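See below for coords_32.txt, which holds compact mmCIF, C-alpha atoms.
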```txt
# COMPACT_ATOMS: atom_id res chain seq x y z
CA MET J 219 30.88 -57.87 -124.67
CA THR J 220 34.47 -59.05 -124.28
CA GLN J 221 35.82 -58.85 -120.75
CA PRO J 222 38.86 -56.53 -120.43
CA ARG J 223 42.15 -58.36 -120.08
CA GLN J 224 44.07 -58.01 -116.86
CA PRO J 225 47.69 -56.77 -116.75
CA VAL J 226 50.37 -59.42 -116.51
CA HIS J 227 53.39 -58.60 -114.31
CA HIS J 228 56.84 -60.02 -114.97
CA GLN J 229 59.99 -59.39 -112.94
CA HIS J 230 61.22 -56.42 -114.99
CA PHE J 231 58.22 -55.40 -117.11
CA TYR J 232 54.47 -55.67 -117.28
CA VAL J 233 51.99 -56.21 -120.08
CA SER J 234 48.72 -54.27 -120.20
CA TYR J 235 45.81 -53.82 -122.58
CA PRO J 236 45.03 -50.07 -122.39
CA ALA J 237 42.45 -50.07 -125.19
CA GLU J 238 40.62 -52.50 -127.42
CA HIS J 239 43.04 -54.20 -129.85
CA VAL J 240 46.12 -52.64 -128.15
CA ILE J 241 48.83 -54.40 -126.13
CA GLN J 242 51.45 -52.45 -124.19
CA VAL J 243 54.81 -53.45 -122.72
CA THR J 244 56.13 -51.21 -119.94
CA ILE J 245 59.74 -51.88 -118.94
CA ASN J 246 59.87 -51.63 -115.15
CA ARG J 247 63.45 -51.73 -113.91
CA PRO J 248 63.96 -48.05 -113.04
CA ASP J 249 66.77 -48.70 -110.54
CA LYS J 250 68.83 -50.03 -113.50
CA LEU J 251 67.53 -47.42 -115.96
CA ASN J 252 65.43 -50.13 -117.61
CA CYS J 253 68.34 -52.10 -119.00
CA ILE J 254 67.27 -55.54 -120.21
CA ASN J 255 68.84 -58.86 -119.27
CA LYS J 256 68.62 -61.98 -121.41
CA ALA J 257 65.64 -63.51 -119.60
CA THR J 258 63.63 -60.30 -119.88
CA SER J 259 64.59 -59.96 -123.53
CA ARG J 260 63.16 -63.39 -124.33
CA GLU J 261 59.97 -62.69 -122.36
CA ILE J 262 59.27 -59.39 -124.14
CA ALA J 263 59.94 -61.02 -127.52
CA GLN J 264 57.17 -63.49 -126.69
CA VAL J 265 54.76 -60.57 -126.22
CA TRP J 266 55.33 -59.47 -129.83
CA GLU J 267 54.68 -63.05 -130.93
CA GLN J 268 51.40 -62.81 -129.03
CA LEU J 269 50.63 -59.55 -130.85
CA ASP J 270 51.19 -61.17 -134.23
CA ASN J 271 49.33 -64.39 -133.46
CA ASP J 272 46.29 -63.02 -131.60
CA GLU J 273 43.72 -61.83 -134.16
CA SER J 274 42.11 -59.49 -131.61
CA LEU J 275 45.36 -57.53 -131.13
CA TRP J 276 46.20 -55.00 -133.82
CA VAL J 277 48.82 -52.58 -132.43
CA GLY J 278 51.63 -52.74 -129.83
CA ILE J 279 53.20 -50.03 -127.66
CA ILE J 280 56.46 -50.17 -125.71
CA THR J 281 57.56 -47.66 -123.06
CA GLY J 282 59.43 -47.46 -119.77
CA VAL J 283 58.96 -46.50 -116.12
CA GLY J 284 60.93 -43.64 -114.59
CA ARG J 285 63.53 -41.46 -116.28
CA ALA J 286 64.62 -44.03 -118.87
CA PHE J 287 62.90 -45.71 -121.79
CA CYS J 288 65.64 -48.33 -122.06
CA THR J 289 69.41 -48.11 -121.71
CA GLY J 290 70.03 -51.32 -123.62
CA ALA J 291 71.41 -54.66 -122.55
CA ASP J 292 72.46 -55.35 -118.97
CA LEU J 293 76.22 -54.80 -119.19
CA HIS J 294 76.81 -56.36 -115.77
CA GLU J 295 75.37 -59.56 -117.23
CA TRP J 296 77.46 -59.05 -120.37
CA ASN J 297 80.61 -58.69 -118.28
CA LYS J 298 79.93 -61.98 -116.48
CA MET J 299 79.25 -63.68 -119.81
CA ASN J 300 82.46 -62.29 -121.28
CA GLN J 301 84.48 -63.50 -118.29
CA SER J 302 83.05 -66.99 -118.73
CA GLY J 303 83.76 -66.99 -122.47
CA GLU J 304 80.07 -66.85 -123.48
CA VAL J 305 79.25 -64.82 -126.60
CA ASN J 306 76.00 -62.87 -126.49
CA SER J 307 74.01 -63.64 -129.65
CA MET J 308 73.02 -60.80 -131.96
CA ALA J 309 70.73 -63.03 -134.00
CA ALA J 310 67.25 -61.87 -134.99
CA PRO J 311 64.99 -60.59 -133.59
CA GLY J 312 67.41 -59.02 -131.10
CA LEU J 313 66.98 -57.25 -127.76
CA ALA J 314 63.38 -57.51 -126.51
CA GLY J 315 62.45 -58.92 -129.92
CA LEU J 316 62.70 -55.56 -131.69
CA PRO J 317 65.96 -54.54 -133.47
CA ARG J 318 65.56 -57.12 -136.25
CA ARG J 319 61.86 -57.87 -135.93
CA SER J 320 59.89 -58.27 -139.12
CA GLY J 321 56.50 -59.19 -137.68
CA LYS J 322 53.01 -58.60 -139.01
CA LYS J 323 51.63 -55.74 -136.92
CA PRO J 324 52.82 -52.24 -136.01
CA ILE J 325 54.60 -51.34 -132.80
CA ILE J 326 54.81 -47.79 -131.43
CA ALA J 327 57.78 -46.74 -129.28
CA ALA J 328 56.67 -44.26 -126.60
CA VAL J 329 60.08 -42.91 -125.57
CA ASN J 330 59.67 -41.36 -122.14
CA GLY J 331 63.33 -40.69 -121.27
CA LEU J 332 66.87 -41.97 -121.79
CA CYS J 333 67.12 -44.20 -124.88
CA LEU J 334 70.63 -45.54 -125.09
CA GLY J 335 72.51 -48.36 -126.81
CA GLY J 336 70.26 -51.34 -127.32
CA GLY J 337 67.25 -49.20 -126.41
CA PHE J 338 68.04 -47.01 -129.42
CA GLU J 339 68.47 -50.15 -131.53
CA MET J 340 64.98 -51.25 -130.48
CA VAL J 341 63.46 -47.88 -131.39
CA ALA J 342 65.22 -47.72 -134.78
CA ASN J 343 63.07 -50.62 -135.99
CA CYS J 344 59.74 -49.61 -134.43
CA ASP J 345 57.06 -48.47 -136.85
CA LEU J 346 56.34 -45.13 -135.14
CA VAL J 347 58.44 -43.27 -132.58
CA ILE J 348 56.66 -40.88 -130.23
CA ALA J 349 59.06 -39.17 -127.85
CA SER J 350 58.96 -36.82 -124.91
CA SER J 351 60.72 -33.55 -125.70
CA SER J 352 63.01 -34.30 -122.74
CA ALA J 353 64.10 -37.71 -124.08
CA GLN J 354 67.77 -38.22 -124.89
CA PHE J 355 69.18 -40.71 -127.40
CA ALA J 356 72.69 -42.10 -127.84
CA LEU J 357 74.71 -45.03 -129.16
CA PRO J 358 77.57 -45.00 -126.63
CA GLU J 359 78.82 -48.51 -127.43
CA ALA J 360 82.18 -47.38 -128.85
CA ARG J 361 83.03 -45.91 -125.45
CA ARG J 362 82.82 -49.44 -124.02
CA GLY J 363 84.66 -51.14 -126.86
CA ILE J 364 81.37 -52.38 -128.32
CA VAL J 365 79.60 -51.73 -131.63
CA PRO J 366 75.78 -51.62 -132.01
CA VAL J 367 75.51 -54.60 -134.35
CA ALA J 368 72.05 -55.83 -133.33
CA GLY J 369 70.35 -54.18 -136.28
CA CYS J 370 70.29 -50.39 -136.02
CA LEU J 371 73.25 -49.37 -138.19
CA PRO J 372 71.76 -50.02 -141.67
CA ARG J 373 68.31 -49.00 -140.45
CA LEU J 374 69.47 -45.68 -139.03
CA ALA J 375 71.53 -45.04 -142.17
CA ARG J 376 68.33 -45.47 -144.20
CA THR J 377 66.32 -43.22 -141.89
CA LEU J 378 68.84 -40.54 -140.86
CA GLY J 379 71.41 -40.67 -143.65
CA LEU J 380 75.07 -41.65 -143.73
CA GLN J 381 76.74 -38.71 -141.99
CA ARG J 382 74.18 -38.30 -139.20
CA THR J 383 74.40 -42.00 -138.38
CA MET J 384 78.21 -41.82 -138.46
CA ASP J 385 78.05 -38.88 -136.04
CA LEU J 386 76.00 -40.90 -133.54
CA VAL J 387 77.96 -44.14 -133.87
CA LEU J 388 81.50 -42.76 -133.94
CA THR J 389 81.15 -40.10 -131.22
CA GLY J 390 78.65 -41.80 -128.91
CA ARG J 391 77.22 -38.36 -128.09
CA GLN J 392 73.70 -37.78 -126.85
CA VAL J 393 71.14 -36.00 -129.01
CA ASP J 394 67.72 -34.82 -127.92
CA ALA J 395 64.35 -35.87 -129.23
CA ARG J 396 63.85 -32.56 -131.02
CA THR J 397 66.99 -33.17 -133.07
CA LEU J 398 65.84 -36.66 -134.01
CA SER J 399 62.44 -35.24 -134.92
CA GLU J 400 64.16 -32.84 -137.33
CA TRP J 401 66.26 -35.74 -138.65
CA GLY J 402 63.16 -37.85 -139.32
CA LEU J 403 63.27 -40.63 -136.70
CA VAL J 404 60.83 -39.22 -134.14
CA THR J 405 57.40 -39.04 -135.72
CA ARG J 406 55.71 -37.03 -132.94
CA LEU J 407 57.26 -34.85 -130.26
CA VAL J 408 55.37 -34.53 -126.97
CA GLU J 409 55.84 -31.73 -124.46
CA GLY J 410 55.57 -32.76 -120.82
CA GLY J 411 54.99 -36.27 -119.52
CA GLU J 412 52.08 -37.34 -121.73
CA VAL J 413 54.03 -39.46 -124.20
CA VAL J 414 52.23 -42.73 -123.38
CA LYS J 415 48.86 -40.99 -123.53
CA VAL J 416 49.69 -39.63 -127.00
CA ALA J 417 50.97 -43.03 -128.15
CA LEU J 418 47.72 -44.62 -127.01
CA GLU J 419 45.67 -42.03 -128.91
CA VAL J 420 47.72 -42.78 -132.03
CA ALA J 421 47.16 -46.51 -131.50
CA LYS J 422 43.40 -45.89 -131.16
CA ASP J 423 43.45 -43.87 -134.39
CA MET J 424 45.13 -46.79 -136.12
CA CYS J 425 42.58 -49.21 -134.70
CA ARG J 426 39.74 -47.24 -136.28
CA ASN J 427 41.04 -48.55 -139.59
CA SER J 428 40.88 -52.00 -141.12
CA PRO J 429 43.33 -54.36 -139.40
CA ASP J 430 43.99 -55.94 -142.80
CA ALA J 431 44.95 -52.53 -144.18
CA LEU J 432 47.22 -51.87 -141.21
CA MET J 433 49.20 -55.02 -141.90
CA VAL J 434 49.37 -54.76 -145.68
CA GLY J 435 50.13 -51.01 -145.61
CA ARG J 436 52.88 -51.58 -143.06
CA ARG J 437 54.34 -54.39 -145.15
CA GLY J 438 54.44 -52.21 -148.26
CA VAL J 439 56.30 -49.40 -146.51
CA ARG J 440 58.78 -51.77 -144.87
CA MET J 441 59.53 -53.62 -148.10
CA ALA J 442 60.64 -50.38 -149.73
CA TRP J 443 62.64 -49.37 -146.64
CA GLU J 444 64.32 -52.73 -146.17
CA ASP J 445 64.86 -53.77 -149.80
CA GLY J 446 65.71 -50.32 -151.14
CA HIS J 447 64.12 -50.96 -154.55
CA VAL J 448 60.89 -49.04 -155.00
CA GLU J 449 59.41 -50.83 -158.00
CA SER J 450 60.29 -54.28 -156.62
CA ALA J 451 58.43 -53.42 -153.44
CA VAL J 452 55.40 -52.19 -155.39
CA GLU J 453 55.39 -55.31 -157.55
CA ALA J 454 55.67 -57.67 -154.57
CA LEU J 455 52.92 -55.86 -152.65
CA GLU J 456 50.57 -55.92 -155.64
CA ARG J 457 51.34 -59.57 -156.45
CA ASP J 458 51.50 -61.14 -152.98
CA TRP J 459 49.45 -58.98 -150.63
CA TYR J 460 46.78 -57.08 -152.58
CA PRO J 461 44.89 -60.27 -153.55
CA LEU J 462 44.83 -61.32 -149.88
CA LEU J 463 43.55 -57.89 -148.89
CA MET J 464 40.74 -58.05 -151.47
CA LYS J 465 39.63 -61.51 -150.33
CA GLY J 466 39.26 -60.41 -146.72
CA GLU J 467 35.96 -59.38 -145.15
CA ASN J 468 37.26 -55.94 -144.26
CA PHE J 469 37.94 -54.92 -147.87
CA ALA J 470 34.28 -55.43 -148.77
CA GLU J 471 33.11 -53.90 -145.49
CA GLY J 472 35.06 -50.68 -146.03
CA LEU J 473 33.58 -50.16 -149.49
CA ARG J 474 30.07 -51.09 -148.32
CA ALA J 475 30.27 -48.70 -145.35
CA PHE J 476 31.34 -45.85 -147.63
CA VAL J 477 28.41 -46.43 -149.99
CA GLU J 478 25.98 -46.77 -147.06
CA LYS J 479 27.39 -43.64 -145.37
CA ARG J 480 28.17 -45.31 -142.04
CA GLU J 481 31.16 -46.24 -139.93
CA PRO J 482 32.72 -49.57 -140.94
CA ARG J 483 32.39 -52.55 -138.61
CA TRP J 484 35.80 -54.18 -138.84
CA LYS J 485 36.49 -57.85 -138.16
CA ASP J 486 39.70 -59.19 -136.66
CA SER J 487 42.16 -59.86 -139.43
CA LYS J 488 42.67 -63.35 -140.86
CA LEU J 489 45.81 -62.41 -142.79
```
Output the file's structure as structure tokens, nothing else.
Amino acid sequence: MTQPRQPVHHQHFYVSYPAEHVIQVTINRPDKLNCINKATSREIAQVWEQLDNDESLWVGIITGVGRAFCTGADLHEWNKMNQSGEVNSMAAPGLAGLPRRSGKKPIIAAVNGLCLGGGFEMVANCDLVIASSSAQFALPEARRGIVPVAGCLPRLARTLGLQRTMDLVLTGRQVDARTLSEWGLVTRLVEGGEVVKVALEVAKDMCRNSPDALMVGRRGVRMAWEDGHVESAVEALERDWYPLLMKGENFAEGLRAFVEKREPRWKDSKL
């Protein structure tokens, strides 16, 4: 039996392994409402690289400590950079490795509280968004002379629609999780403080499935969302990914388990 992995603590976040095949990042800078400086951003991005490269990890979760999920980049650091003439890069994959991440495996955002600016940009590109009913979202950048250019604008326009995205970007107003659930961004709304618990149960549900199917299914959905051409996405998935899925051990195992009327015994994905 595999020994459970121990949590790894960094200065402003920690990494844990709350269930088999699941890795979780918990932002832990509550005194600064979980804003993320450049060093922390690079460190969290490396966790998602670990998720994609470690065959035994299938699903990621990100959440925060305290009353904020994440309030974006550390603007005190930004101010110092601006005064010194340094330009903060908006290149992929973006803040904490999420706003422009492509990746192989799904990441669930467990939004426990305030989700502002870059935090919202991170969530806009996560694969599932589970939010506390008390969570608040906003893109207040325009109020600071900034624009959220790290990746969320086209993604939110695809998910929420033109006018709703314009409303958020041009006013900077806060909207609650219930509103974003009605608009289609929040996939599950959680009453009370159990958002991480619910996210973990969803991750466990996902991990009952073939890890190959998780990756290929995710890729198919994202191709349609990102490319915007339905038939092209179908063609590319069928041509490039379906043959790989069929060659894998888990494809045969799923069919065999169905015929034998038993639970499948999945292997870590080789895709």
query = Smallest atom-to-atom distance to Gln268 of chain J: which of J:Gln242, J:Gln301, J:Ser350, J:Asn255, using all atoms listed in the file?
reply =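 The closest residue to Gln268 of chain J is J:Gln242.
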task = Enter the distance from atom CA of Gly336 of chain J to atom CA of Glu444 of chain J, in Å, rounded to one decimal.
result =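 Separation of atom CA of Gly336 of chain J and atom CA of Glu444 of chain J: 19.8 Å.
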Per residue of segment 255-353 of chain J within 10 Å of segment 371-395 of chain J, note the shortest atom pair and the distance in Å to one decimal, counting all atoms listed in the file, and order the rows by chain and increasing residue number, as a tab-separated table.
```
residue	atom	partner	partner_atom	distance
J:Pro317	CA	J:Arg373	CA	9.2
J:Arg318	CA	J:Arg373	CA	9.5
J:Val329	CA	J:Ala395	CA	9.0
J:Gly331	CA	J:Ala395	CA	9.4
J:Leu332	CA	J:Asp394	CA	9.5
J:Cys333	CA	J:Gln392	CA	9.4
J:Leu334	CA	J:Gln392	CA	8.5
J:Gly335	CA	J:Gly390	CA	9.2
J:Phe338	CA	J:Leu374	CA	9.8
J:Glu339	CA	J:Leu371	CA	8.2
J:Val341	CA	J:Leu374	CA	10.0
J:Ala342	CA	J:Leu374	CA	6.3
J:Asn343	CA	J:Arg373	CA	7.1
J:Ile348	CA	J:Ala395	CA	9.2
J:Ala349	CA	J:Ala395	CA	6.4
J:Ser350	CA	J:Ala395	CA	7.0
J:Ser351	CA	J:Ala395	CA	5.6
J:Ser352	CA	J:Ala395	CA	6.8
J:Ala353	CA	J:Ala395	CA	5.5
```
request  = Would you work out the distance separating atom CA of Tyr235 of chain J from atom CA of Met424 of chain J, expressed in Å to one decimal?
outcome  =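 One can read the atom CA of Tyr235 of chain J to atom CA of Met424 of chain J distance as 15.3 Å.
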query = What is the distance between atom CA of Gln224 of chain J and atom CA of Trp266 of chain J, in Å to one decimal?
reply =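 Those two atoms sit 17.2 Å apart.
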Residue nearest Asn252 of chain J - candidates J:Ala237, J:Ala470, J:Ala286, J:Val226, atoms counted: all atoms listed in the file = J:Ala286
Distance criterion (all atoms listed in the file): nearest to Leu251 of chain J out of J:Val365, J:Leu275, J:Leu293, J:Leu269 =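 Using all atoms listed in the file, Leu251 of chain J sits closest to J:Leu293.
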task = Please return, as a PyMOL selection string, all polymer residues that have at least one atom within 12 Å of the point (44.4, -53.7, -144.0); use only C-alpha atoms and the file's own coordinate frame.
result = chain J and resi 276+322-324+424-438+459-472+484-489
task = Just the residues within 12 Å of Leu313 of chain J, please, counting all atoms listed in the file, with nothing from its chain fewer than 2 positions along; format it as a PyMOL selection string.
result = chain J and resi 253-264+288-292+306-311+315-319+335-343+366-370
query = For Phe287 of chain J, which residue among J:Asn271, J:Val408, J:Arg247, J:Lys479 is the nearest when counting all atoms listed in the file?
reply =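 Comparing J:Asn271, J:Val408, J:Arg247, J:Lys479 against Phe287 of chain J, the winner is J:Arg247.
Minimum distance to Val283 of chain J across J:Ala451, J:Val414, J:Ile245, J:Val265 (counting all atoms listed in the file) occurs at J:Ile245.
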key: Near-Tyr232 of chain J list (6 Å; only C-alpha atoms; drop same-chain fewer than 2 positions) as a ChimeraX atom specification   = /J:226-228,243-244
